[in-house]
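Coordinates from model.cif are shown below (mmCIF, C-alpha atoms).
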data_target
#
loop_
_atom_site.group_PDB
_atom_site.id
_atom_site.type_symbol
_atom_site.label_atom_id
_atom_site.label_comp_id
_atom_site.auth_asym_id
_atom_site.auth_seq_id
_atom_site.Cartn_x
_atom_site.Cartn_y
_atom_site.Cartn_z
ATOM 1 C CA MET Y 1 91.537 59.519 114.798
ATOM 2 C CA ALA Y 2 92.944 58.216 111.526
ATOM 3 C CA SER Y 3 96.321 56.482 111.636
ATOM 4 C CA LYS Y 4 97.708 57.856 108.400
ATOM 5 C CA ARG Y 5 97.385 60.740 105.992
ATOM 6 C CA PRO Y 6 95.007 60.434 103.028
ATOM 7 C CA SER Y 7 96.140 60.305 99.429
ATOM 8 C CA LEU Y 8 96.605 63.587 97.596
ATOM 9 C CA LEU Y 9 93.330 62.952 95.776
ATOM 10 C CA ARG Y 10 91.650 63.649 99.116
ATOM 11 C CA LEU Y 11 93.533 66.929 99.240
ATOM 12 C CA ILE Y 12 93.376 68.372 95.717
ATOM 13 C CA PRO Y 13 91.958 70.723 94.877
ATOM 14 C CA LEU Y 14 91.464 72.127 98.337
ATOM 15 C CA ALA Y 15 90.235 75.630 98.941
ATOM 16 C CA THR Y 16 88.865 77.398 95.972
ATOM 17 C CA LEU Y 17 88.336 79.810 98.622
ATOM 18 C CA PHE Y 18 87.237 80.286 102.125
ATOM 19 C CA ILE Y 19 85.502 79.208 105.174
ATOM 20 C CA SER Y 20 83.828 78.989 108.538
ATOM 21 C CA ALA Y 21 84.075 79.704 112.193
ATOM 22 C CA CYS Y 22 84.683 76.497 114.115
ATOM 23 C CA GLY Y 23 87.526 74.778 116.000
ATOM 24 C CA THR Y 24 90.413 76.470 117.781
ATOM 25 C CA SER Y 25 90.927 80.209 117.874
ATOM 26 C CA ALA Y 26 92.994 81.783 115.130
ATOM 27 C CA LEU Y 27 96.409 83.356 115.561
ATOM 28 C CA ILE Y 28 96.138 86.784 113.984
ATOM 29 C CA GLY Y 29 99.278 88.253 112.530
ATOM 30 C CA GLN Y 30 100.427 91.690 111.637
ATOM 31 C CA ALA Y 31 98.160 94.006 109.671
ATOM 32 C CA GLU Y 32 97.549 92.880 106.108
ATOM 33 C CA PRO Y 33 98.235 95.223 103.161
ATOM 34 C CA VAL Y 34 95.745 98.053 102.969
ATOM 35 C CA LEU Y 35 93.295 97.439 100.150
ATOM 36 C CA GLN Y 36 92.280 100.317 97.927
ATOM 37 C CA ALA Y 37 88.667 101.378 98.563
ATOM 38 C CA ARG Y 38 86.316 100.232 95.826
ATOM 39 C CA ALA Y 39 83.503 102.714 95.100
ATOM 40 C CA THR Y 40 81.186 102.965 98.118
ATOM 41 C CA ASP Y 41 80.638 99.252 98.741
ATOM 42 C CA THR Y 42 81.895 98.890 102.294
ATOM 43 C CA THR Y 43 80.745 95.259 102.433
ATOM 44 C CA LEU Y 44 82.939 94.387 99.441
ATOM 45 C CA ALA Y 45 85.879 96.145 101.106
ATOM 46 C CA ARG Y 46 85.288 94.211 104.328
ATOM 47 C CA LEU Y 47 85.031 90.898 102.485
ATOM 48 C CA ALA Y 48 88.283 91.637 100.661
ATOM 49 C CA ALA Y 49 90.019 92.520 103.942
ATOM 50 C CA PHE Y 50 88.768 89.280 105.505
ATOM 51 C CA MET Y 51 90.105 87.229 102.589
ATOM 52 C CA ALA Y 52 93.584 88.730 102.474
ATOM 53 C CA GLY Y 53 96.232 86.962 104.531
ATOM 54 C CA SER Y 54 98.224 83.823 105.270
ATOM 55 C CA TYR Y 55 96.453 80.746 106.607
ATOM 56 C CA SER Y 56 97.300 77.357 108.115
ATOM 57 C CA SER Y 57 95.341 74.147 108.707
ATOM 58 C CA GLU Y 58 97.956 72.900 111.202
ATOM 59 C CA ALA Y 59 95.564 72.841 114.164
ATOM 60 C CA GLN Y 60 93.039 70.721 112.278
ATOM 61 C CA SER Y 61 95.754 68.348 110.999
ATOM 62 C CA LYS Y 62 96.888 67.677 114.573
ATOM 63 C CA GLN Y 63 93.362 66.883 115.684
ATOM 64 C CA ASP Y 64 92.553 64.633 112.717
ATOM 65 C CA LEU Y 65 95.262 62.904 110.691
ATOM 66 C CA SER Y 66 92.969 62.569 107.692
ATOM 67 C CA TYR Y 67 93.754 66.245 107.010
ATOM 68 C CA TYR Y 68 97.089 67.646 105.861
ATOM 69 C CA ASP Y 69 98.852 70.693 107.281
ATOM 70 C CA ILE Y 70 98.302 73.126 104.403
ATOM 71 C CA ARG Y 71 99.486 76.709 104.032
ATOM 72 C CA LEU Y 72 97.193 78.991 102.062
ATOM 73 C CA ARG Y 73 98.233 82.461 100.902
ATOM 74 C CA ILE Y 74 95.707 84.997 99.609
ATOM 75 C CA HIS Y 75 97.472 88.270 98.895
ATOM 76 C CA PRO Y 76 96.360 91.431 97.055
ATOM 77 C CA ILE Y 77 97.744 92.246 93.618
ATOM 78 C CA TRP Y 78 96.926 94.990 91.091
ATOM 79 C CA THR Y 79 95.656 97.175 93.928
ATOM 80 C CA LYS Y 80 95.327 100.252 91.694
ATOM 81 C CA ARG Y 81 92.702 98.658 89.466
ATOM 82 C CA SER Y 82 89.137 99.907 89.878
ATOM 83 C CA ASP Y 83 87.265 96.756 88.805
ATOM 84 C CA GLY Y 84 87.261 95.028 92.194
ATOM 85 C CA PRO Y 85 89.951 93.425 94.376
ATOM 86 C CA TRP Y 86 92.416 90.938 92.858
ATOM 87 C CA PHE Y 87 94.388 88.314 94.801
ATOM 88 C CA TYR Y 88 97.230 85.917 94.093
ATOM 89 C CA VAL Y 89 96.486 82.589 95.770
ATOM 90 C CA GLU Y 90 98.978 79.830 96.546
ATOM 91 C CA GLN Y 91 98.506 76.535 98.400
ATOM 92 C CA ALA Y 92 101.189 74.088 99.506
ATOM 93 C CA ARG Y 93 101.721 71.376 102.063
ATOM 94 C CA ALA Y 94 103.696 72.678 105.039
ATOM 95 C CA ASP Y 95 106.496 70.205 104.292
ATOM 96 C CA TYR Y 96 106.687 71.264 100.617
ATOM 97 C CA LEU Y 97 106.282 75.024 100.728
ATOM 98 C CA ASP Y 98 108.456 75.552 97.666
ATOM 99 C CA GLN Y 99 106.270 73.176 95.631
ATOM 100 C CA PRO Y 100 102.742 74.603 95.685
ATOM 101 C CA TYR Y 101 100.124 72.275 94.246
ATOM 102 C CA ARG Y 102 97.760 75.135 93.459
ATOM 103 C CA GLN Y 103 98.270 78.661 92.122
ATOM 104 C CA ARG Y 104 95.312 80.821 91.219
ATOM 105 C CA VAL Y 105 94.139 84.406 90.910
ATOM 106 C CA TYR Y 106 90.846 85.453 92.474
ATOM 107 C CA HIS Y 107 88.846 88.452 91.259
ATOM 108 C CA LEU Y 108 86.237 89.657 93.721
ATOM 109 C CA GLN Y 109 83.205 91.521 92.349
ATOM 110 C CA ALA Y 110 79.791 92.657 93.571
ATOM 111 C CA ARG Y 111 76.894 90.928 91.783
ATOM 112 C CA GLY Y 112 73.970 92.804 93.315
ATOM 113 C CA ASN Y 113 71.387 91.923 95.964
ATOM 114 C CA GLY Y 114 74.104 91.534 98.581
ATOM 115 C CA LYS Y 115 75.971 88.816 96.655
ATOM 116 C CA TYR Y 116 79.653 88.766 95.721
ATOM 117 C CA GLU Y 117 81.528 86.490 93.348
ATOM 118 C CA SER Y 118 85.095 85.315 93.657
ATOM 119 C CA GLN Y 119 85.993 84.553 90.054
ATOM 120 C CA ILE Y 120 88.696 81.875 89.681
ATOM 121 C CA LEU Y 121 91.469 82.341 87.103
ATOM 122 C CA THR Y 122 94.457 80.174 86.197
ATOM 123 C CA PHE Y 123 97.930 80.704 84.724
ATOM 124 C CA ALA Y 124 99.135 79.275 81.428
ATOM 125 C CA ASP Y 125 102.469 78.783 83.218
ATOM 126 C CA PRO Y 126 102.322 79.264 86.999
ATOM 127 C CA LYS Y 127 105.939 78.347 87.789
ATOM 128 C CA PRO Y 128 107.385 81.896 87.469
ATOM 129 C CA PHE Y 129 104.951 83.026 90.176
ATOM 130 C CA VAL Y 130 105.849 80.505 92.887
ATOM 131 C CA GLY Y 131 106.295 82.475 96.100
ATOM 132 C CA ALA Y 132 104.839 85.648 94.578
ATOM 133 C CA TRP Y 133 102.629 86.129 97.661
ATOM 134 C CA LYS Y 134 105.821 87.444 99.302
ATOM 135 C CA ASN Y 135 106.592 89.712 96.347
ATOM 136 C CA PRO Y 136 103.577 91.407 94.723
ATOM 137 C CA ALA Y 137 106.018 93.208 92.421
ATOM 138 C CA ALA Y 138 106.103 89.950 90.456
ATOM 139 C CA PHE Y 139 102.821 91.102 88.903
ATOM 140 C CA GLU Y 140 104.080 94.525 87.822
ATOM 141 C CA GLY Y 141 103.835 94.878 84.082
ATOM 142 C CA LYS Y 142 101.353 92.000 83.948
ATOM 143 C CA ASP Y 143 97.580 92.174 83.646
ATOM 144 C CA PRO Y 144 94.563 89.823 83.689
ATOM 145 C CA SER Y 145 94.922 89.100 79.971
ATOM 146 C CA MET Y 146 97.557 86.503 80.884
ATOM 147 C CA LEU Y 147 94.963 84.500 82.855
ATOM 148 C CA VAL Y 148 92.264 82.006 81.917
ATOM 149 C CA SER Y 149 88.911 82.145 83.684
ATOM 150 C CA ARG Y 150 87.518 78.893 85.045
ATOM 151 C CA GLU Y 151 83.958 79.317 83.859
ATOM 152 C CA GLY Y 152 81.315 77.975 86.203
ATOM 153 C CA CYS Y 153 83.772 77.765 89.095
ATOM 154 C CA GLY Y 154 83.154 81.157 90.670
ATOM 155 C CA VAL Y 155 82.241 81.147 94.356
ATOM 156 C CA MET Y 156 79.168 83.213 95.247
ATOM 157 C CA LEU Y 157 79.270 84.729 98.743
ATOM 158 C CA GLU Y 158 76.953 86.778 100.917
ATOM 159 C CA GLU Y 159 77.078 88.073 104.479
ATOM 160 C CA VAL Y 160 74.855 85.591 106.320
ATOM 161 C CA ALA Y 161 75.512 87.127 109.763
ATOM 162 C CA PRO Y 162 77.473 90.172 110.913
ATOM 163 C CA GLY Y 163 81.122 89.402 110.135
ATOM 164 C CA THR Y 164 80.430 86.016 108.480
ATOM 165 C CA PHE Y 165 80.343 85.393 104.731
ATOM 166 C CA SER Y 166 79.206 82.089 103.302
ATOM 167 C CA GLY Y 167 78.406 80.532 99.950
ATOM 168 C CA GLY Y 168 79.764 78.290 97.227
ATOM 169 C CA THR Y 169 79.708 77.304 93.588
ATOM 170 C CA VAL Y 170 76.387 77.086 91.764
ATOM 171 C CA GLY Y 171 75.128 73.786 90.375
ATOM 172 C CA LYS Y 172 77.386 71.439 88.402
ATOM 173 C CA GLY Y 173 78.974 74.022 86.115
ATOM 174 C CA CYS Y 174 82.561 73.729 87.382
ATOM 175 C CA SER Y 175 84.101 70.922 85.318
ATOM 176 C CA SER Y 176 86.819 68.567 86.602
ATOM 177 C CA ASP Y 177 88.553 65.507 85.173
ATOM 178 C CA ILE Y 178 90.532 64.551 88.279
ATOM 179 C CA ASN Y 179 90.187 60.885 89.315
ATOM 180 C CA GLY Y 180 87.196 60.320 87.067
ATOM 181 C CA ALA Y 181 85.269 63.400 88.131
ATOM 182 C CA THR Y 182 83.046 65.374 85.773
ATOM 183 C CA TYR Y 183 82.354 68.352 88.018
ATOM 184 C CA THR Y 184 83.477 69.910 91.281
ATOM 185 C CA THR Y 185 81.723 71.862 94.010
ATOM 186 C CA SER Y 186 83.057 74.245 96.643
ATOM 187 C CA THR Y 187 81.364 75.464 99.797
ATOM 188 C CA VAL Y 188 82.866 78.318 101.721
ATOM 189 C CA SER Y 189 82.519 80.366 104.917
ATOM 190 C CA LEU Y 190 84.736 83.260 105.977
ATOM 191 C CA THR Y 191 85.317 85.448 109.012
ATOM 192 C CA SER Y 192 88.074 87.923 109.833
ATOM 193 C CA SER Y 193 90.172 85.179 111.439
ATOM 194 C CA ARG Y 194 89.225 81.918 109.779
ATOM 195 C CA LEU Y 195 88.522 80.448 106.378
ATOM 196 C CA VAL Y 196 86.929 77.028 105.849
ATOM 197 C CA SER Y 197 86.797 75.469 102.406
ATOM 198 C CA TRP Y 198 85.294 72.181 101.263
ATOM 199 C CA ASP Y 199 86.046 71.179 97.672
ATOM 200 C CA ARG Y 200 84.711 67.917 96.260
ATOM 201 C CA GLY Y 201 84.729 66.197 92.887
ATOM 202 C CA TYR Y 202 81.849 64.085 91.589
ATOM 203 C CA ASP Y 203 81.450 61.671 88.687
ATOM 204 C CA ALA Y 204 78.576 61.592 86.207
ATOM 205 C CA GLN Y 205 76.519 59.559 88.704
ATOM 206 C CA ASP Y 206 77.002 62.237 91.390
ATOM 207 C CA ARG Y 207 79.332 59.999 93.433
ATOM 208 C CA GLN Y 208 82.160 61.783 95.250
ATOM 209 C CA VAL Y 209 85.518 60.708 93.800
ATOM 210 C CA TRP Y 210 87.921 63.180 95.399
ATOM 211 C CA GLY Y 211 88.106 65.727 98.186
ATOM 212 C CA ALA Y 212 87.742 65.603 101.952
ATOM 213 C CA VAL Y 213 84.931 63.368 103.169
ATOM 214 C CA LYS Y 214 84.305 64.501 106.752
ATOM 215 C CA GLY Y 215 84.128 68.233 106.129
ATOM 216 C CA GLY Y 216 86.051 71.216 104.866
ATOM 217 C CA TYR Y 217 89.605 72.265 105.586
ATOM 218 C CA VAL Y 218 89.753 74.738 108.468
ATOM 219 C CA PHE Y 219 92.324 77.496 107.909
ATOM 220 C CA ASP Y 220 93.315 79.811 110.745
ATOM 221 C CA LYS Y 221 94.794 83.171 109.798
ATOM 222 C CA ILE Y 222 98.426 83.280 110.945
ATOM 223 C CA ARG Y 223 101.533 85.428 110.845
ATOM 224 C CA GLN Y 224 103.479 85.120 107.611
#
As structure tokens - that is how I would like this structure written.
Amino acid sequence: MASKRPSLLRLIPLATLFISACGTSALIGQAEPVLQARATDTTLARLAAFMAGSYSSEAQSKQDLSYYDIRLRIHPIWTKRSDGPWFYVEQARADYLDQPYRQRVYHLQARGNGKYESQILTFADPKPFVGAWKNPAAFEGKDPSMLVSREGCGVMLEEVAPGTFSGGTVGKGCSSDINGATYTTSTVSLTSSRLVSWDRGYDAQDRQVWGAVKGGYVFDKIRQ
């Protein structure tokens, strides 16, 4: 077991999304907000329901000190739209919950042949939305035109086994300039109770320059 926490460069940017089924059992909280049905794609609706919720990597951080205790919030917004589920996403260390290091919006869409994309969008100014996972009304009167899409950073997912979605980014198209990186990759696996996300940055020589080294962050779904 490591004797100290890693630098933040080993942490950022953590989950672009999701996760796998390993480690301790998750603590499931109260029912998440009901998501509006989207057309007749029941798999998309199930994936969206799996994604929605509050998550913690506390159990993993206690087992291995090279991982931080991170709180991840993925909560539905714009639920009356008909172009696929939208989520506000916020990540923060458990000891700095009022200072999230990542705020994003995810847009989930079917891409055909059993594949689904979680498009990643950013804010021009995210500060007014800190804590908005507790108050979806913060997005009333707003729309996706205020966001910027991170081209090449979408996460492609498919149901690889009943109740398990898995996937990741495609190729080297998601650019990054953190710590000398030129591109970033994300691999993801998701069940109804757990989300595991492994984000890594690489330089032009394909050497990893940031992100967890041993494996992805394991997020258990928790009560808010």
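Distance check against Tyr88 of chain Y using all atoms listed in the file: of Y:Cys174, Y:Ala110, Y:Met51, Y:Cys153, the minimum falls on Y:Met51.
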I would like the residues chosen by the PyMOL selection byres ((chain Y and resi 119) around 7) on the shown file; could you give them as a compact mmCIF listing (two decimals) with C-alpha atoms, in the frame of the given file?
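Ended up saving to result.txt:
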# COMPACT_ATOMS: atom_id res chain seq x y z
CA TYR Y 106 90.85 85.45 92.47
CA HIS Y 107 88.85 88.45 91.26
CA LEU Y 108 86.24 89.66 93.72
CA GLU Y 117 81.53 86.49 93.35
CA SER Y 118 85.10 85.32 93.66
CA ILE Y 120 88.70 81.88 89.68
CA LEU Y 121 91.47 82.34 87.10
CA GLY Y 154 83.15 81.16 90.67
CA VAL Y 155 82.24 81.15 94.36
Residue with smallest distance to Leu195 of chain Y - pool Y:Lys221, Y:Arg93, Y:Lys142, Y:Lys80, counting only C-alpha atoms: Y:Lys221
List the spatial neighbours of segment 178-193 of chain Y as a PDB file with C-alpha atoms, in the frame of the given file - criterion: any atom at most 6 Å away, all atoms listed in the file, same-chain residues fewer than 5 positions off excluded.
ATOM      1  CA  PHE Y  18      87.237  80.286 102.125  1.00  0.00           C
ATOM      2  CA  ILE Y  19      85.502  79.208 105.174  1.00  0.00           C
ATOM      3  CA  SER Y  20      83.828  78.989 108.538  1.00  0.00           C
ATOM      4  CA  ALA Y  26      92.994  81.783 115.130  1.00  0.00           C
ATOM      5  CA  PHE Y  50      88.768  89.280 105.505  1.00  0.00           C
ATOM      6  CA  GLY Y 163      81.122  89.402 110.135  1.00  0.00           C
ATOM      7  CA  THR Y 164      80.430  86.016 108.480  1.00  0.00           C
ATOM      8  CA  PHE Y 165      80.343  85.393 104.731  1.00  0.00           C
ATOM      9  CA  SER Y 166      79.206  82.089 103.302  1.00  0.00           C
ATOM     10  CA  GLY Y 167      78.406  80.532  99.950  1.00  0.00           C
ATOM     11  CA  GLY Y 168      79.764  78.290  97.227  1.00  0.00           C
ATOM     12  CA  THR Y 169      79.708  77.304  93.588  1.00  0.00           C
ATOM     13  CA  LYS Y 172      77.386  71.439  88.402  1.00  0.00           C
ATOM     14  CA  TRP Y 198      85.294  72.181 101.263  1.00  0.00           C
ATOM     15  CA  ASP Y 199      86.046  71.179  97.672  1.00  0.00           C
ATOM     16  CA  ARG Y 200      84.711  67.917  96.260  1.00  0.00           C
ATOM     17  CA  GLY Y 201      84.729  66.197  92.887  1.00  0.00           C
ATOM     18  CA  TYR Y 202      81.849  64.085  91.589  1.00  0.00           C
ATOM     19  CA  ASP Y 203      81.450  61.671  88.687  1.00  0.00           C
ATOM     20  CA  ALA Y 204      78.576  61.592  86.207  1.00  0.00           C
ATOM     21  CA  LYS Y 221      94.794  83.171 109.798  1.00  0.00           C
TER      22      LYS Y 221
END
From the set Y:Met146, Y:Ala124, Y:Leu157, Y:Ile77, which residue has the shortest atom-to-atom contact distance to Thr43 of chain Y, counting all atoms listed in the file?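 Using all atoms listed in the file, the shortest distance to Thr43 of chain Y belongs to Y:Leu157.
For the atom pair formed by atom CA of Ser56 of chain Y and atom CA of Met156 of chain Y, the distance is 23.0 Å, given to one decimal.
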Mind pulling up the distance from atom CA of His75 of chain Y to atom CA of Gln99 of chain Y?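 Rounded to one decimal, the two atoms are 17.8 Å apart.
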Between atom CA of Gly152 of chain Y and atom CA of Thr42 of chain Y, distance in Å (one decimal):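 Interatomic distance here is 26.4 Å.
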Which of Y:Lys62, Y:Arg223, Y:Val218, Y:Pro76 sits closest to Ala137 of chain Y [using all atoms listed in the file]: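 Using all atoms listed in the file, the shortest distance to Ala137 of chain Y belongs to Y:Pro76.
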Non-local contacts of Asp143 of chain Y (12 Å; all atoms listed in the file; under 2 positions in same chain excluded) as number ranges by chain: Y: 77-81, 86, 105, 123, 138-141, 145-148
Suppose a student applies the PyMOL selection byres ((chain Y and resi 65-74) around 8) to this structure; what residues should they get, written as a ChimeraX atom specification? /Y:1-6,11,51-64,75-76,87-94,97,133,212,217,219
Nearest to Val160 of chain Y by atom-to-atom distance, counting all atoms listed in the file, from Y:Ser82, Y:Ser176, Y:Lys115, Y:Thr122: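 The closest residue to Val160 of chain Y is Y:Lys115.
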Given the block above, output segment 132-183 of chain Y with C-alpha atoms as a compact mmCIF listing (two decimals), in the first residue's frame.
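Ended up saving to decode26.txt:
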# COMPACT_ATOMS: atom_id res chain seq x y z
CA ALA Y 132 -26.07 22.41 -9.32
CA TRP Y 133 -26.41 18.61 -8.99
CA LYS Y 134 -28.50 19.42 -5.90
CA ASN Y 135 -30.56 22.01 -7.77
CA PRO Y 136 -31.45 21.13 -11.38
CA ALA Y 137 -33.46 24.36 -11.52
CA ALA Y 138 -30.10 26.07 -12.04
CA PHE Y 139 -30.41 24.99 -15.68
CA GLU Y 140 -33.89 26.44 -16.22
CA GLY Y 141 -33.80 29.05 -18.93
CA LYS Y 142 -30.49 27.67 -20.19
CA ASP Y 143 -29.88 25.39 -23.15
CA PRO Y 144 -26.99 23.49 -24.80
CA SER Y 145 -25.98 26.55 -26.82
CA MET Y 146 -24.06 27.76 -23.76
CA LEU Y 147 -21.79 24.69 -23.91
CA VAL Y 148 -18.73 23.75 -25.93
CA SER Y 149 -18.38 20.20 -27.22
CA ARG Y 150 -15.07 18.45 -26.63
CA GLU Y 151 -14.65 16.95 -30.08
CA GLY Y 152 -13.05 13.53 -30.16
CA CYS Y 153 -13.63 13.01 -26.44
CA GLY Y 154 -16.97 11.22 -26.58
CA VAL Y 155 -17.16 7.87 -24.82
CA MET Y 156 -18.65 5.05 -26.90
CA LEU Y 157 -20.50 2.42 -24.85
CA GLU Y 158 -22.25 -0.86 -25.54
CA GLU Y 159 -23.90 -3.51 -23.39
CA VAL Y 160 -21.23 -6.22 -23.25
CA ALA Y 161 -23.20 -8.45 -20.85
CA PRO Y 162 -26.68 -8.18 -19.33
CA GLY Y 163 -26.58 -5.14 -17.04
CA THR Y 164 -22.97 -4.17 -17.90
CA PHE Y 165 -21.97 -1.39 -20.29
CA SER Y 166 -18.37 -0.88 -21.34
CA GLY Y 167 -16.36 1.18 -23.78
CA GLY Y 168 -14.17 4.25 -24.10
CA THR Y 169 -12.83 6.99 -26.32
CA VAL Y 170 -11.77 6.16 -29.87
CA GLY Y 171 -8.16 6.56 -30.98
CA LYS Y 172 -6.12 9.66 -30.14
CA GLY Y 173 -8.72 12.27 -31.05
CA CYS Y 174 -9.28 13.72 -27.56
CA SER Y 175 -6.64 16.44 -27.20
CA SER Y 176 -5.02 17.42 -23.89
CA ASP Y 177 -2.24 19.81 -22.91
CA ILE Y 178 -2.02 18.86 -19.23
CA ASN Y 179 1.52 18.07 -18.01
CA GLY Y 180 2.89 17.80 -21.53
CA ALA Y 181 0.17 15.55 -22.88
CA THR Y 182 -1.07 15.72 -26.47
CA TYR Y 183 -4.06 13.42 -26.13
